[in-house]
file run10.txt (compact mmCIF, C-alpha atoms)
# COMPACT_ATOMS: atom_id res chain seq x y z
CA MET A 121 151.64 -39.63 74.62
CA GLU A 122 151.07 -42.92 76.37
CA LEU A 123 154.79 -43.14 77.12
CA ASP A 124 154.86 -39.64 78.62
CA LEU A 125 151.96 -40.57 80.88
CA LEU A 126 153.65 -43.81 81.96
CA VAL A 127 156.82 -41.94 82.79
CA VAL A 128 154.90 -39.40 84.86
CA GLN A 129 153.20 -42.21 86.77
CA PHE A 130 156.51 -43.98 87.18
CA GLN A 131 158.00 -40.83 88.66
CA LYS A 132 155.11 -40.78 91.12
CA LYS A 133 156.27 -44.23 92.25
CA ASP A 134 153.50 -46.12 90.51
CA THR A 135 154.65 -49.74 90.50
CA ALA A 136 152.25 -50.71 87.72
CA ALA A 137 153.65 -48.01 85.44
CA PHE A 138 157.14 -49.16 86.31
CA GLU A 139 156.23 -52.71 85.39
CA LYS A 140 154.98 -51.58 81.98
CA LEU A 141 158.15 -49.61 81.34
CA TYR A 142 160.18 -52.61 82.44
CA GLY A 143 158.28 -54.71 79.91
CA MET A 144 159.00 -52.13 77.22
CA TYR A 145 162.72 -51.70 77.80
CA SER A 146 164.20 -54.45 79.96
CA GLU A 147 165.18 -56.77 77.11
CA ASN A 148 166.81 -53.93 75.19
CA ILE A 149 168.69 -52.65 78.18
CA CYS A 150 169.85 -56.13 79.11
CA GLY A 151 170.92 -56.64 75.50
CA ILE A 152 173.01 -53.49 75.51
CA ILE A 153 174.62 -54.45 78.80
CA ASN A 154 175.37 -57.87 77.33
CA THR A 155 177.21 -56.36 74.36
CA ILE A 156 179.53 -54.76 76.88
CA VAL A 157 180.02 -57.47 79.52
CA ARG A 158 179.63 -60.45 77.17
CA ASN A 159 178.21 -62.64 79.90
CA ASP A 160 174.50 -63.50 79.97
CA THR A 161 174.24 -64.10 83.71
CA LEU A 162 176.24 -61.02 84.60
CA ALA A 163 174.27 -58.94 82.11
CA GLU A 164 171.00 -60.01 83.72
CA GLU A 165 172.29 -59.11 87.16
CA ILE A 166 173.49 -55.68 86.11
CA CYS A 167 170.27 -55.14 84.20
CA GLN A 168 168.23 -55.72 87.33
CA ASP A 169 170.41 -53.36 89.31
CA VAL A 170 169.95 -50.73 86.59
CA PHE A 171 166.16 -50.91 86.83
CA ILE A 172 166.28 -50.68 90.61
CA LYS A 173 168.55 -47.70 90.23
CA ILE A 174 166.21 -45.89 87.84
CA TRP A 175 163.34 -46.54 90.25
CA ASN A 176 165.30 -45.03 93.10
CA ASN A 177 166.37 -42.07 90.99
CA ALA A 178 163.12 -41.63 89.08
CA GLU A 179 162.80 -37.97 90.06
CA SER A 180 166.10 -37.13 88.40
CA TYR A 181 164.70 -37.81 84.91
CA ASN A 182 163.43 -34.87 82.92
CA ALA A 183 161.98 -35.17 79.41
CA SER A 184 163.72 -31.98 78.31
CA LYS A 185 167.06 -33.71 78.82
CA GLY A 186 166.32 -36.54 76.39
CA ARG A 187 164.32 -39.65 75.69
CA PHE A 188 163.33 -41.86 78.60
CA PHE A 189 164.96 -44.81 76.84
CA THR A 190 168.13 -42.77 76.34
CA TRP A 191 168.17 -41.97 80.04
CA ILE A 192 168.06 -45.66 81.00
CA LEU A 193 170.50 -46.49 78.21
CA ASN A 194 173.00 -44.06 79.68
CA ILE A 195 172.65 -45.50 83.18
CA ALA A 196 172.95 -49.05 81.83
CA ARG A 197 176.07 -48.29 79.80
CA ASN A 198 177.76 -46.69 82.78
CA ALA A 199 176.86 -49.63 85.02
CA ALA A 200 178.19 -52.13 82.48
CA ILE A 201 181.38 -50.17 81.86
CA ASP A 202 181.94 -49.84 85.60
CA GLU A 203 181.59 -53.61 85.84
CA ILE A 204 184.15 -54.42 83.16
CA ARG A 205 186.59 -52.01 84.76
CA SER A 206 186.13 -53.70 88.13
CA LYS A 207 188.63 -56.18 89.48
CA SER A 208 186.22 -59.07 89.75
CA TYR A 209 185.35 -58.78 86.08
CA LYS A 210 188.98 -58.73 84.99
CA ASN A 211 189.63 -61.88 86.99
CA ASN A 212 186.85 -63.71 85.17
CA LYS A 213 187.45 -62.20 81.80
CA GLN A 214 186.76 -64.46 78.88
CA ASN A 215 188.64 -64.45 75.63
CA LEU A 216 186.52 -62.36 73.33
CA SER A 217 186.41 -63.49 69.77
CA SER A 218 185.45 -60.10 68.43
CA ASP A 219 185.76 -56.46 69.31
CA PHE A 220 182.23 -55.76 68.12
CA PHE A 221 178.86 -56.90 69.26
CA VAL A 222 178.34 -59.21 66.33
CA GLY A 223 180.90 -61.36 68.15
CA ILE A 224 178.21 -62.32 70.61
CA LEU A 225 176.57 -64.39 67.94
CA ASP A 226 179.84 -65.99 66.90
CA ASN A 227 180.50 -66.96 70.52
CA LYS A 228 177.13 -68.55 70.92
CA ALA A 229 176.98 -70.32 67.59
CA ASP A 230 179.21 -73.14 68.81
CA THR A 231 177.49 -73.91 72.04
CA ILE A 232 173.81 -73.18 71.85
CA THR A 233 171.09 -73.38 69.30
CA GLU A 234 170.54 -70.05 67.71
CA LYS A 235 167.51 -68.33 69.08
CA GLU A 236 165.02 -66.60 66.91
CA ASP A 237 166.12 -63.29 68.38
CA HIS A 238 169.57 -63.87 67.06
CA ALA A 239 168.17 -64.66 63.71
CA GLY A 240 166.41 -61.35 63.97
CA PHE A 241 169.70 -59.76 64.81
CA ARG A 242 171.27 -61.13 61.66
CA ARG A 243 168.29 -59.95 59.67
CA LEU A 244 168.68 -56.43 61.04
CA LEU A 245 172.31 -56.36 60.04
CA VAL A 246 171.75 -57.50 56.47
CA ASN A 247 173.65 -55.34 54.03
CA LEU A 248 175.12 -53.42 56.90
CA LYS A 249 178.75 -52.61 56.38
CA ASP A 250 181.34 -53.22 59.08
CA LYS A 251 181.84 -49.50 59.47
CA CYS A 252 178.12 -49.22 60.29
CA VAL A 253 178.30 -51.96 62.91
CA GLN A 254 181.27 -50.21 64.43
CA ILE A 255 179.73 -46.75 64.53
CA ILE A 256 176.45 -48.05 65.97
CA GLU A 257 178.20 -49.98 68.67
CA LEU A 258 180.38 -47.05 69.65
CA LEU A 259 177.57 -44.51 69.72
CA TYR A 260 174.72 -46.53 71.18
CA PHE A 261 176.29 -49.39 73.10
CA LYS A 262 179.51 -47.84 74.30
CA GLY A 263 178.40 -44.24 74.75
CA PHE A 264 181.21 -42.66 72.74
CA THR A 265 180.88 -38.99 71.86
CA GLN A 266 181.02 -37.84 68.22
CA LYS A 267 184.59 -36.70 68.73
CA GLU A 268 185.63 -40.00 70.30
CA VAL A 269 184.00 -41.94 67.48
CA ALA A 270 185.79 -39.78 64.91
CA GLU A 271 189.11 -40.49 66.60
CA GLU A 272 188.40 -44.19 67.11
CA LEU A 273 187.38 -44.78 63.52
CA ASP A 274 189.76 -42.19 62.11
CA ILE A 275 187.08 -40.31 60.19
CA PRO A 276 186.25 -36.57 60.03
CA LEU A 277 184.01 -35.33 62.83
CA GLY A 278 181.30 -34.15 60.41
CA THR A 279 181.11 -37.60 58.86
CA VAL A 280 180.04 -39.30 62.10
CA LYS A 281 176.56 -37.79 62.10
CA THR A 282 175.73 -38.53 58.48
CA ARG A 283 177.28 -41.97 58.41
CA ASN A 284 175.40 -42.94 61.53
CA ARG A 285 172.18 -41.68 60.01
CA ASN A 286 172.73 -43.77 56.93
CA CYS A 287 173.47 -46.85 58.98
CA ILE A 288 170.38 -46.42 61.13
CA SER A 289 168.33 -45.91 57.97
CA GLN A 290 169.60 -49.23 56.67
CA ILE A 291 168.47 -50.95 59.86
CA ARG A 292 165.09 -49.31 59.57
CA ASN A 293 164.81 -50.61 56.05
CA ASN A 294 165.75 -54.09 57.21
CA MET A 295 163.10 -53.90 59.93
CA ALA A 296 160.49 -53.14 57.28
CA LEU A 297 161.42 -56.22 55.25
CA MET B 132 162.97 -24.17 59.79
CA ASP B 133 163.54 -26.78 57.13
CA ILE B 134 162.31 -29.88 58.92
CA LYS B 135 163.53 -32.34 56.31
CA GLU B 136 167.01 -30.91 56.41
CA TYR B 137 166.97 -30.97 60.18
CA ILE B 138 165.99 -34.62 60.19
CA SER B 139 168.54 -35.65 57.59
CA SER B 140 171.36 -33.92 59.46
CA GLY B 141 171.60 -36.96 61.71
CA ILE B 142 171.18 -34.97 64.92
CA LEU B 143 168.12 -37.02 65.94
CA GLU B 144 170.10 -40.26 65.83
CA LEU B 145 172.66 -38.72 68.16
CA TYR B 146 169.82 -37.48 70.35
CA VAL B 147 168.65 -41.05 70.83
CA ALA B 148 172.22 -42.19 71.44
CA GLY B 149 172.46 -39.60 74.23
CA THR B 150 175.69 -38.04 72.98
CA LEU B 151 174.43 -34.50 72.47
CA SER B 152 175.17 -31.62 74.82
CA GLU B 153 172.53 -30.44 77.26
CA ILE B 154 171.67 -27.43 75.14
CA GLU B 155 171.39 -29.55 71.97
CA ASN B 156 169.17 -32.00 73.85
CA LEU B 157 166.85 -29.21 74.89
CA GLU B 158 166.76 -27.84 71.34
CA VAL B 159 165.81 -31.23 69.88
CA TYR B 160 163.19 -31.72 72.59
CA LEU B 161 161.55 -28.36 71.86
CA ASN B 162 161.61 -28.99 68.10
CA ALA B 163 160.05 -32.39 68.62
CA GLU B 164 157.31 -30.84 70.75
CA LYS B 165 156.71 -28.24 68.06
CA TYR B 166 156.91 -30.49 64.98
CA PRO B 167 155.19 -33.87 65.19
CA GLU B 168 157.20 -34.99 62.19
CA ILE B 169 160.41 -34.67 64.16
CA LYS B 170 158.94 -36.52 67.11
CA LYS B 171 157.81 -39.33 64.83
CA GLU B 172 161.28 -39.57 63.33
CA ILE B 173 162.85 -39.76 66.79
CA GLU B 174 160.48 -42.57 67.75
CA ALA B 175 161.37 -44.45 64.58
CA ILE B 176 165.07 -44.13 65.27
CA GLU B 177 164.52 -45.27 68.84
CA ALA B 178 162.51 -48.25 67.60
CA SER B 179 165.39 -49.37 65.40
CA ILE B 180 167.82 -49.24 68.31
CA LEU B 181 165.29 -51.02 70.49
CA SER B 182 164.93 -53.88 68.08
CA LEU B 183 168.66 -54.10 67.54
CA SER B 184 169.41 -54.18 71.26
CA LYS B 185 166.56 -56.59 71.92
CA SER B 186 168.05 -59.01 69.45
CA VAL B 187 171.21 -59.32 71.53
CA SER B 188 169.41 -59.65 74.83
CA PRO B 189 170.33 -62.60 77.03
CA GLY B 190 166.71 -62.74 78.17
CA VAL B 191 165.46 -61.03 81.26
CA LYS B 192 164.24 -61.98 84.66
CA GLY B 193 160.62 -61.27 85.42
CA PHE B 194 159.54 -58.05 87.04
CA GLU B 195 158.72 -59.94 90.25
CA ALA B 196 162.33 -60.02 91.40
CA ILE B 197 162.58 -56.26 91.01
CA LYS B 198 159.21 -55.70 92.63
CA VAL B 199 160.41 -57.56 95.72
CA LYS B 200 163.52 -55.40 95.89
CA ILE B 201 161.76 -52.07 95.42
CA ASN B 202 158.75 -52.79 97.61
CA GLY B 203 160.69 -52.32 100.81
CA LYS B 204 161.57 -48.86 99.65
CA ASN B 205 158.22 -48.03 98.10
CA ALA B 206 155.41 -47.63 100.67
CA GLY B 207 154.20 -44.46 98.98
CA ALA B 208 156.95 -42.40 100.48
CA PRO B 209 159.57 -40.74 98.33
CA PRO B 210 162.76 -42.77 98.06
CA LEU B 211 165.24 -42.32 100.80
CA LYS B 212 167.76 -39.78 99.74
CA GLN B 213 171.28 -40.97 99.94
CA ILE B 214 172.46 -40.33 103.44
CA ASN B 215 174.96 -37.55 103.41
CA TRP B 216 177.54 -39.18 105.65
CA GLY B 217 179.86 -36.25 105.25
CA ALA B 218 177.33 -33.87 106.76
CA TYR B 219 176.41 -36.31 109.52
CA PHE B 220 180.06 -36.81 110.27
CA GLY B 221 180.59 -33.06 110.32
CA TRP B 222 177.74 -32.53 112.77
CA ALA B 223 178.84 -35.44 114.90
CA ALA B 224 182.39 -34.12 114.95
CA SER B 225 181.24 -30.65 115.96
CA LEU B 226 179.02 -32.10 118.70
CA ILE B 227 181.88 -34.18 120.00
CA PHE B 228 184.07 -31.11 119.84
CA MET B 229 181.49 -29.06 121.77
CA ALA B 230 181.12 -31.81 124.35
CA GLY B 231 184.88 -32.00 124.62
CA LEU B 232 185.10 -28.25 125.04
CA MET B 233 182.46 -28.30 127.78
CA TRP B 234 184.21 -31.18 129.47
CA VAL B 235 187.51 -29.31 129.40
CA PHE B 236 185.79 -26.19 130.75
CA GLN B 237 184.14 -28.20 133.51
CA GLU B 238 187.39 -29.97 134.26
CA ASN B 239 189.20 -26.63 134.41
CA ARG B 240 186.63 -25.25 136.85
CA GLN B 241 186.89 -28.38 138.95
CA LEU B 242 190.66 -28.12 138.99
CA LYS B 243 190.52 -24.45 139.97
CA SER B 244 188.15 -25.32 142.79
CA ASP B 245 190.45 -28.17 143.80
CA ILE B 246 193.40 -25.79 143.87
CA ASP B 247 191.45 -23.36 146.07
CA GLN B 248 190.50 -26.20 148.37
CA ALA B 249 194.06 -27.45 148.51
CA ALA B 250 195.32 -23.93 149.26
CA LYS B 251 192.85 -23.63 152.15
CA GLU B 252 193.85 -27.02 153.46
CA LYS B 253 197.47 -26.01 153.21
CA VAL B 254 196.88 -22.89 155.31
CA SER B 255 194.94 -24.94 157.81
CA LEU B 256 197.69 -27.55 158.02
CA GLU B 257 200.32 -24.86 158.38
CA GLU B 258 198.37 -23.47 161.28
CA GLN B 259 198.15 -26.90 162.84
CA ILE B 260 201.87 -27.38 162.41
CA ALA B 261 202.55 -24.01 163.99
CA GLU B 262 200.28 -24.88 166.88
CA SER B 263 201.93 -28.26 167.30
CA GLU B 264 205.33 -26.65 167.25
CA THR B 265 204.25 -24.14 169.86
CA SER B 266 202.73 -26.91 171.91
CA LEU B 267 205.87 -29.00 171.57
CA GLU B 268 208.00 -26.04 172.59
CA LYS B 269 205.82 -25.43 175.65
CA THR B 270 205.96 -29.12 176.56
CA LYS B 271 209.73 -29.13 176.24
CA ILE B 272 210.00 -26.08 178.47
CA LEU B 273 207.64 -27.70 180.93
CA LEU B 274 209.62 -30.90 180.95
CA GLU B 275 212.87 -28.99 181.46
CA THR B 276 211.27 -27.01 184.25
CA ILE B 277 210.03 -29.96 186.25
CA ARG B 278 213.31 -31.82 185.72
CA ASP B 279 215.21 -28.92 187.23
CA LYS B 280 217.28 -30.11 190.17
CA ASN B 281 215.85 -27.39 192.41
CA ILE B 282 212.32 -28.64 191.94
CA THR B 283 210.40 -30.12 194.86
CA VAL B 284 207.46 -32.23 193.84
CA VAL B 285 204.41 -32.10 196.07
CA ALA B 286 201.71 -34.64 195.41
CA MET B 287 198.28 -33.43 196.37
CA GLY B 288 195.53 -35.93 197.07
CA GLY B 289 191.81 -35.66 196.68
CA GLN B 290 189.63 -34.70 199.61
CA ILE B 291 186.07 -35.31 200.77
CA VAL B 292 184.31 -33.34 198.03
CA ALA B 293 186.34 -35.05 195.35
CA PRO B 294 188.06 -38.20 196.60
CA ASN B 295 189.41 -39.15 193.16
CA ALA B 296 190.85 -35.72 192.42
CA TYR B 297 194.57 -35.12 192.53
CA ALA B 298 197.14 -32.55 191.56
CA LYS B 299 200.88 -31.97 191.68
CA ALA B 300 202.91 -28.95 192.60
CA TYR B 301 206.38 -28.51 191.15
CA TRP B 302 208.04 -26.01 193.41
CA ASN B 303 211.25 -24.26 192.51
CA LYS B 304 212.17 -22.63 195.78
CA LYS B 305 215.17 -20.82 194.32
CA GLU B 306 213.11 -19.16 191.60
CA GLN B 307 210.08 -18.89 193.91
CA GLN B 308 207.88 -20.51 191.27
CA VAL B 309 205.26 -23.21 191.61
CA TYR B 310 203.86 -25.15 188.64
CA ILE B 311 200.53 -26.69 189.44
CA ASP B 312 199.64 -29.72 187.33
CA ALA B 313 195.85 -29.75 187.61
CA GLN B 314 195.25 -32.63 185.15
CA GLY B 315 193.51 -34.63 187.85
CA LEU B 316 190.99 -31.98 188.88
CA PRO B 317 187.43 -31.97 187.56
CA GLU B 318 186.31 -29.01 185.47
CA PRO B 319 185.03 -26.23 187.72
CA PRO B 320 181.31 -25.40 187.50
CA GLU B 321 180.18 -22.22 185.75
CA GLY B 322 181.09 -19.11 187.78
CA MET B 323 183.59 -20.94 190.02
CA VAL B 324 187.37 -21.06 189.91
CA TYR B 325 190.17 -23.06 191.55
CA GLN B 326 192.36 -21.09 193.96
CA VAL B 327 195.77 -22.30 195.11
CA TRP B 328 196.93 -21.70 198.63
CA SER B 329 200.33 -21.83 200.28
CA LEU B 330 199.89 -23.19 203.79
CA LYS B 331 201.97 -22.69 206.85
CA LEU B 332 201.20 -25.23 209.50
CA ASP B 333 201.17 -24.74 213.16
CA PRO B 334 199.14 -22.60 213.20
CA LEU B 335 197.44 -23.14 209.85
CA THR B 336 197.92 -19.97 207.86
CA PRO B 337 196.73 -19.92 204.26
CA THR B 338 198.20 -17.46 201.77
CA SER B 339 196.66 -17.16 198.32
CA MET B 340 199.09 -17.93 195.49
CA GLY B 341 196.59 -17.21 192.72
CA LEU B 342 193.80 -18.62 190.57
CA LEU B 343 193.85 -21.41 187.99
CA SER B 344 192.11 -19.08 185.56
CA ASP B 345 191.07 -20.19 182.04
CA PHE B 346 191.10 -23.74 183.40
CA THR B 347 189.14 -25.26 180.51
CA MET B 348 191.08 -23.36 177.88
CA ASP B 349 194.48 -24.68 178.93
CA ASN B 350 195.08 -28.11 177.42
CA ASN B 351 198.17 -28.81 179.47
CA ARG B 352 196.40 -27.93 182.71
CA VAL B 353 199.73 -26.70 184.04
CA PHE B 354 199.72 -23.33 185.68
CA ALA B 355 202.72 -21.28 186.75
CA LEU B 356 202.27 -19.29 189.97
CA ALA B 357 204.69 -17.17 191.97
CA ASN B 358 205.38 -18.42 195.46
CA PRO B 359 207.61 -16.29 197.59
CA ASN B 360 206.40 -18.08 200.73
CA ASP B 361 208.17 -20.61 202.86
CA SER B 362 205.36 -23.10 202.22
CA GLU B 363 204.85 -26.28 204.18
CA ALA B 364 201.84 -27.50 202.21
CA PHE B 365 199.69 -26.60 199.18
CA GLY B 366 195.94 -26.70 198.84
CA ILE B 367 193.41 -26.10 196.09
CA THR B 368 189.89 -24.92 196.82
CA LEU B 369 186.93 -24.10 194.63
CA GLU B 370 185.99 -20.45 195.05
CA PRO B 371 183.60 -18.00 193.42
CA ALA B 372 184.95 -16.32 190.30
CA GLY B 373 187.62 -13.78 191.21
CA GLY B 374 188.81 -15.73 194.20
CA SER B 375 188.45 -15.27 197.96
CA GLU B 376 190.40 -13.70 200.78
CA SER B 377 190.43 -16.94 202.72
CA PRO B 378 189.87 -20.51 201.51
CA ASN B 379 186.51 -22.21 201.73
CA LEU B 380 187.73 -25.44 203.25
CA ASP B 381 184.38 -27.15 202.56
CA GLN B 382 185.41 -27.02 198.97
CA LEU B 383 188.95 -28.32 199.42
CA TYR B 384 189.76 -30.40 196.33
CA ALA B 385 193.40 -31.25 196.75
CA LEU B 386 195.94 -31.03 199.54
CA GLY B 387 199.59 -32.03 199.78
CA VAL B 388 202.40 -31.51 202.20
CA ALA B 389 205.79 -30.39 201.01
CA VAL B 390 208.37 -32.62 202.53
CA SER B 391 211.83 -31.23 202.43
call {"tool": "encode", "arguments": {"input": "run10.txt", "output": "structure tokens"}}
result
Amino acid sequence: MELDLLVVQFQKKDTAAFEKLYGMYSENICGIINTIVRNDTLAEEICQDVFIKIWNNAESYNASKGRFFTWILNIARNAAIDEIRSKSYKNNKQNLSSDFFVGILDNKADTITEKEDHAGFRRLLVNLKDKCVQIIELLYFKGFTQKEVAEELDIPLGTVKTRNRNCISQIRNNMAL
Amino acid sequence: MDIKEYISSGILELYVAGTLSEIENLEVYLNAEKYPEIKKEIEAIEASILSLSKSVSPGVKGFEAIKVKINGKNAGAPPLKQINWGAYFGWAASLIFMAGLMWVFQENRQLKSDIDQAAKEKVSLEEQIAESETSLEKTKILLETIRDKNITVVAMGGQIVAPNAYAKAYWNKKEQQVYIDAQGLPEPPEGMVYQVWSLKLDPLTPTSMGLLSDFTMDNNRVFALANPNDSEAFGITLEPAGGSESPNLDQLYALGVAVS
């Protein structure tokens, strides 16, 4: 209820409401962008652009079309994917040690002290199978459709929904630990 | 509806991921509004994704940076819609086209008017040429006439009323024609006319040869008069319009004796 009210205020160009929503979602959105671009500085830049974009397009959000978070998530994914397809990104492309977002941690392990957040990340992924990590990344961080996920992971279409549910359930269990 | 079954189908996880169709999204939204249990489940799923994504965050810049960027565009007014350059371009193009059309129309009218003007000028020039040709022809004839070997030239000097006046008579005795060159005479006053006289001396007997009528109208000021007389001198007097029977010698303008 409080979220709905904030969103309404935000859509009326209430800066204070926007600031609260930014506080609620900015880290998550920046995190998702980072799993795609694999560059902290770049991720922060894109993240800022995404929030400016949602402010400018606030009126285009409608609750009946989905969650507010999902709306931003979608915009963020598209912005990040656009970036990695751009020329400037390709020129600066790093060698990625992993295809999946867990690789972010592996990359950082060598150079910087592990942050508590990353510890949290490991905690969330406890007992999570690789196929769960894959399906979550594809669905949430890369914006694949069910059909695309089924093709990518070579599993039946009907399996995507249930497997994803099981994986998310595991994360929810880990959160409760 | 079996809520538990609905929840366990995994559709809510896909709803949060944003991979459902528009219709499916609407269906989930309405179910969530109707059944608090479904809404709670959605929020729990969202929370798990939030914590997962937060854990890979590179850290964020403060809201201040964004505030600065959006404040210019805020000011209470709705955000500026993206300028539809296509439409602007279309309007601009049509305006330019209209202006161009009007210019062409104006230009066309101007040209038509110019053509009319040029045509009038052409007619006028043609008339001038014709006049000049006529004038030239007349001058040539005149020149030939006075160069004729049978011509006797009589110079006529000015008299008391007009000491500076002068005239010349070109007399072709054979053809009994006299050409009076009246270039040196002043213009006659209104209602008066020059009259040319053939004079026999001893005793002085004047015979009218005719009037220099339309004096001002004739640019050449050369007048052809018949002269069947055996003249010894020529005189020009100013007479009332229509001429006189005998010359008014008080108004004698030019006089010359034919020496032959």
call {"tool": "atom_distance", "arguments": {"input": "run10.txt", "atom1": "atom CA of Leu356 of chain B", "atom2": "atom CA of Glu306 of chain B"}}
result
11.0 Å
call {"tool": "axis_aligned_box", "arguments": {"input": "run10.txt", "around": "segment 250-266 of chain A", "padding_each_side": "3 Å", "output": "lines of an AutoDock Vina configuration file"}}
result
center_x = 178.3
center_y = -45.5
center_z = 66.9
size_x = 13.1
size_y = 21.4
size_z = 21.7
call {"tool": "closest_residue", "arguments": {"input": "run10.txt", "among": "B:Ser225, B:Tyr166, B:Lys185, B:Ile180", "to": "chain A", "atoms": "all atoms listed in the file"}}
result
B:Lys185
call {"tool": "interface_residues", "arguments": {"input": "run10.txt", "of": "chain B", "to": "chain A", "cutoff": "8 Å", "atoms": "only C-alpha atoms", "output": "NGL selection string"}}
result
:B and (139-142 or 144-151 or 153 or 156-157 or 160-161 or 175-176 or 179-192 or 194 or 197-198 or 200-201 or 205 or 207 or 209-210)
call {"tool": "atom_distance", "arguments": {"input": "run10.txt", "atom1": "atom CA of Gln314 of chain B", "atom2": "atom CA of Gly289 of chain B"}}
result
12.4 Å
call {"tool": "atom_distance", "arguments": {"input": "run10.txt", "atom1": "atom CA of Glu264 of chain B", "atom2": "atom CA of Met348 of chain B"}}
result
18.1 Å
call {"tool": "residues_around", "arguments": {"input": "run10.txt", "residues": "Thr338 of chain B", "least_positions_apart": "5", "cutoff": "9 Å", "atoms": "all atoms listed in the file", "output": "PyMOL selection string"}}
result
chain B and resi 327-331+360+376-378
call {"tool": "closest_residue", "arguments": {"input": "run10.txt", "among": "B:Ile311, B:Leu383, B:Ile214, B:Ile154", "to": "Leu273 of chain B", "atoms": "all atoms listed in the file"}}
result
B:Ile311
call {"tool": "residues_near_point", "arguments": {"input": "run10.txt", "point": "(200.2, -27.3, 188.9)", "cutoff": "6 Å", "atoms": "only C-alpha atoms", "output": "list of chain:residue names"}}
result
B:Lys299, B:Ala300, B:Tyr310, B:Ile311, B:Asp312, B:Ala313, B:Val353, B:Phe354
call {"tool": "residues_around", "arguments": {"input": "run10.txt", "residues": "Val285 of chain B", "least_positions_apart": "3", "cutoff": "8 Å", "atoms": "all atoms listed in the file", "output": "JSON, numbers by chain"}}
result
{"B": [299, 300, 301, 302, 365, 387, 388, 389, 390]}
call {"tool": "build_atoms", "arguments": {"input": "run10.txt", "residues": "segment 213-225 of chain B", "atoms": "N, CA, C and O atoms", "output": "compact mmCIF listing (two decimals), keeping the file's coordinate frame"}}
result
# COMPACT_ATOMS: atom_id res chain seq x y z
N GLN B 213 170.03 -40.41 99.46
CA GLN B 213 171.28 -40.97 99.94
C GLN B 213 171.71 -40.21 101.19
O GLN B 213 171.66 -38.99 101.23
N ILE B 214 172.08 -40.99 102.19
CA ILE B 214 172.46 -40.33 103.44
C ILE B 214 173.78 -39.60 103.21
O ILE B 214 174.74 -40.16 102.70
N ASN B 215 173.74 -38.35 103.57
CA ASN B 215 174.96 -37.55 103.41
C ASN B 215 175.86 -37.77 104.62
O ASN B 215 175.80 -37.05 105.61
N TRP B 216 176.70 -38.81 104.50
CA TRP B 216 177.54 -39.18 105.65
C TRP B 216 178.50 -38.05 106.02
O TRP B 216 178.81 -37.85 107.19
N GLY B 217 178.92 -37.34 104.99
CA GLY B 217 179.86 -36.25 105.25
C GLY B 217 179.26 -35.24 106.21
O GLY B 217 179.86 -34.87 107.20
N ALA B 218 177.99 -34.86 105.91
CA ALA B 218 177.33 -33.87 106.76
C ALA B 218 177.10 -34.42 108.16
O ALA B 218 177.36 -33.75 109.15
N TYR B 219 176.63 -35.70 108.21
CA TYR B 219 176.41 -36.31 109.52
C TYR B 219 177.70 -36.33 110.31
O TYR B 219 177.75 -35.99 111.49
N PHE B 220 178.77 -36.72 109.61
CA PHE B 220 180.06 -36.81 110.27
C PHE B 220 180.47 -35.44 110.79
O PHE B 220 180.94 -35.29 111.91
N GLY B 221 180.24 -34.43 109.93
CA GLY B 221 180.59 -33.06 110.32
C GLY B 221 179.86 -32.63 111.58
O GLY B 221 180.48 -32.14 112.53
N TRP B 222 178.53 -32.90 111.59
CA TRP B 222 177.74 -32.53 112.77
C TRP B 222 178.19 -33.29 114.00
O TRP B 222 178.35 -32.72 115.09
N ALA B 223 178.41 -34.61 113.78
CA ALA B 223 178.84 -35.44 114.90
C ALA B 223 180.16 -34.92 115.45
O ALA B 223 180.33 -34.78 116.67
N ALA B 224 181.08 -34.59 114.52
CA ALA B 224 182.39 -34.12 114.95
C ALA B 224 182.26 -32.83 115.75
O ALA B 224 182.89 -32.66 116.80
N SER B 225 181.38 -31.93 115.25
CA SER B 225 181.24 -30.65 115.96
C SER B 225 180.60 -30.85 117.33
O SER B 225 180.96 -30.19 118.30
